[in-house]
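Asks: Right, I'll just put the structure down here and ask away after.
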Amino acid sequence: MITTRPRGTADILPEEAGRWRFVEDTFRRICREYNYREIRTPVFEHTELFERGVGDTTDIVEKEMYTFRDRGDRSVSLRPEGTAPVVRAYLESNLHSGPQPVKLYYTGAMFRYDKPQAGRYRQFHQLGVEALGSSHPALDAEMIAMIMDFYGRLGLKGLELHINSVGCPRCRLALKDELQNYLRPHAGELCINCKNRLERNPLRVLDCKEKNCDRIAVNAPTTLDCLCPDCGDHFDAVKEYLDRLGVVYQVDGRLVRGLDYYTHTAFEVMSTDIGSQSSIGGGGRYNGLVEACGGPPAPGVGFALGIERILLAMKGRGAYFPAGDRPDVFVVSADAECEKDAFDLLFALRKCGLGADMDYMGRSLKAQMKFAGKTGCRFVVILGGDELKRGSASVKDMTNGSQIELPLKGLAEEIKKLIGGN
Ligand code: HAM
């Protein structure tokens with residue numbers, strides 16, 4: 001048991017961690033360019049936040065939350081998503097009374113107790129963005145364009161961007177009626193989940209993946225059939241902004257997403273390379289969420305992307321990843337007498353800002369050279385008795401195997417120059 005990790009979790013080992021960092025760094029860079037600032041919220045929150053925010057008829061809240069009573073007998077939940085916590089922080093820290101919109105981004109672990117499979121985990125990681133305080137349709141378009149810009153920089157191709165408008169609560173009331181009228185005669189054919197959803201949350205039936213439900217939903221009225229003029233105008237404006245940017249999208253009236261807080265625009269990006277868990281990101285507008293969390297009326301829009309699925313899609317496409325972490329220099333001692341000098345040199349190299357390491361296993365010279373090669377270091381510095389007497393060391397360039405002797409004094413600066421020059 002203690003040598004096995006919990007189901008649906010993963011250890012990210014160093015080589016893989018380098019890939020994660022590449023994705024995260026690219027995301028941070030793009031957030032800076034689009035003027036989103038970082039926020040970090042707790043990994044757990046009061047359960048009620050998600051019940052009210054995400055919606056108590058959603059699969060996430062009904063079946064997937066890690067909810068427990070803490071030692072003070074409060075019900076808390078590991079966050080299944082990042083939007084409700086960001087909205088809570090926006091209210092709690094009075095960000096809503098400052099200049100709007102407040103543009104925030106986050107990265108971190110989310111938790112959902114679902115059946116694990118390829119691309120679906122119980123602890124997974126999101127990159128997310130939320131803009132609060134503005135209902136401008138250009139902001140919806142900015143979000144969508146930002147996602148596609150980000151994927152483009154990661155070398156992801158062949159993605160499908162689906163967009164929809166789920167309207168305002170008024171449109172949804174109209175849709176609920178129409179949907180129930182359409183679905184009731186088919187109730188016997190729906191899956192058990194959708195049968196339950198029919199009265200409480202019939203919109204969910206629209207994006208059910210079960211074969212029968214899918215077949216029935218094909219001819220069902222969609223959100224687009226019930227948009228009020230204001231919601232229709234908003235959606236048209238979003239599409240116009242996207243068209244100006246040349247963003248390619250498909251309008252999908254059945255896209256309702258799995259969280260209850262959406263109003264107006266909803267969007268999702270699918271990869272055809274990663275199997276059934278194809279959604280590599282999604283989001284939308286949520287103009288009622290701040291109020292539902294106890295704040296004043298304030299609109300919001302955002303998205304979240306799953307890092308694990310992005311990496312799967314990148315690997316599927318043979319996308320570029322930069323080389324993982326490796327030392328600049330590995331210091332090798334020709335014999336035990338040189339070890340203390342090697343230790344001093346190691347720290348001189350590090351003081352100069354170089355990544356450096358040496359052998360701590362008492363290896364022979366040959367074995368040290370072999371191990372140095374495995375670390376992927378750029379240079380090996382060999383300290384031998386004769387060279388030390390001359391006040392110098394041999395420096396081997398691992399990219400071409402060439403070797404030169406350099407004075408120990410100023411060696412770190414010299415290597416730094418050599419690395420900088422390449
Ligand atoms: P979501 O669609 O539930 O939206 O999740 C966003 C992304 O997280 C998905 O597209 C997927 O890539 C990834 N994801 C979700 N569940 C899992 C899982 N079990 N394993 C691996 N990856 C997963 C949200 O979470 C909303 N908070 C997005 C949002 C932000 N809407 C407005 N602002």
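Chain labels A, B, ... are given in the sequence in which chains occur in the structure tokens; within each chain residues are numbered consecutively from 1, and ligands are likewise numbered from 1 in the order shown.
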Tell me which protein, DNA and RNA residues are within 10 Å of segment 24-40 of chain A, counting only C-alpha atoms, leaving out same-chain ones fewer than 3 positions away, and put them as a ChimeraX atom specification.

Replies: /A:18-21,43,82,85-86,89-90,102-108,126-131,142-143,146-147,149-151,153-154,307

Asks: Would you output that residue set with C-alpha atoms, as an mmCIF file, in the first residue's frame?

Replies:
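Full text of part08.cif as output:
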```
data_model
loop_
_atom_site.group_PDB
_atom_site.id
_atom_site.type_symbol
_atom_site.label_atom_id
_atom_site.label_comp_id
_atom_site.auth_asym_id
_atom_site.auth_seq_id
_atom_site.Cartn_x
_atom_site.Cartn_y
_atom_site.Cartn_z
ATOM 1 C CA GLY A 18 10.600 19.713 -17.374
ATOM 2 C CA ARG A 19 7.769 19.367 -19.910
ATOM 3 C CA TRP A 20 5.226 20.570 -17.379
ATOM 4 C CA ARG A 21 7.372 23.597 -16.650
ATOM 5 C CA VAL A 43 -6.571 23.836 -2.238
ATOM 6 C CA GLY A 82 -10.797 27.139 -9.783
ATOM 7 C CA PRO A 85 -12.539 30.021 -5.394
ATOM 8 C CA VAL A 86 -11.350 32.965 -7.511
ATOM 9 C CA ALA A 89 -11.330 35.692 -3.261
ATOM 10 C CA TYR A 90 -12.509 38.577 -5.489
ATOM 11 C CA VAL A 102 -9.903 42.308 -12.592
ATOM 12 C CA LYS A 103 -7.918 39.899 -14.767
ATOM 13 C CA LEU A 104 -6.471 36.925 -12.908
ATOM 14 C CA TYR A 105 -4.785 33.646 -13.722
ATOM 15 C CA TYR A 106 -3.953 30.529 -11.709
ATOM 16 C CA THR A 107 -2.279 27.174 -12.024
ATOM 17 C CA GLY A 108 -2.732 24.262 -9.694
ATOM 18 C CA GLN A 126 -5.366 23.280 -14.568
ATOM 19 C CA LEU A 127 -4.149 26.500 -16.077
ATOM 20 C CA GLY A 128 -6.969 28.985 -15.700
ATOM 21 C CA VAL A 129 -7.890 32.580 -16.304
ATOM 22 C CA GLU A 130 -10.795 34.678 -14.991
ATOM 23 C CA ALA A 131 -11.782 38.260 -15.870
ATOM 24 C CA GLU A 142 -9.992 37.687 -26.020
ATOM 25 C CA MET A 143 -10.279 34.593 -23.820
ATOM 26 C CA MET A 146 -5.839 33.569 -25.949
ATOM 27 C CA ILE A 147 -6.458 29.820 -25.611
ATOM 28 C CA ASP A 149 -2.762 31.487 -29.241
ATOM 29 C CA PHE A 150 -1.435 29.436 -26.315
ATOM 30 C CA TYR A 151 -2.055 26.081 -28.000
ATOM 31 C CA ARG A 153 2.724 28.300 -29.221
ATOM 32 C CA LEU A 154 2.837 24.756 -27.852
ATOM 33 C CA ILE A 307 -2.232 20.281 -18.260
#
```

Asks: Residues within 6 Å of ligand 1 (only C-alpha atoms and all ligand atoms), as a PyMOL selection string?

Replies: chain A and resi 81-83+112+119-122+124+126+130+279-284+301-306+309

Asks: Using Å and a single decimal, report how far atom CA of Tyr286 of chain A sits from atom CA of Gln100 of chain A.

Replies: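 Separation of atom CA of Gln100 of chain A and atom CA of Tyr286 of chain A: 15.7 Å.
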
Asks: Can you tell me how far atom CA of Cys377 of chain A sits from atom CA of Val329 of chain A, in Å to one decimal?

Replies: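 Atom CA of Cys377 of chain A sits 5.6 Å away from atom CA of Val329 of chain A.
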
Asks: Atom CA of Thr58 of chain A to atom CA of Pro296 of chain A: how many Å, to one decimal?

Replies: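 Atom-to-atom, atom CA of Thr58 of chain A and atom CA of Pro296 of chain A are spaced 24.1 Å apart.
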
Asks: Might you pull out every residue within 10 Å of Gly362 of chain A, with only C-alpha atoms counted and same-chain residues fewer than 5 positions away left off, and present them as a list in words?

Replies: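 Using only C-alpha atoms, the neighbours found are Ser333, Asp335, Ala336, Glu339, Ala367 and Gln368 of chain A.
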
Asks: Which parts of segment 9-47 of chain A does DSSP call alpha helix (DSSP H) when run on the backbone here, written out as a ChimeraX atom specification?

Replies: /A:14-33,47
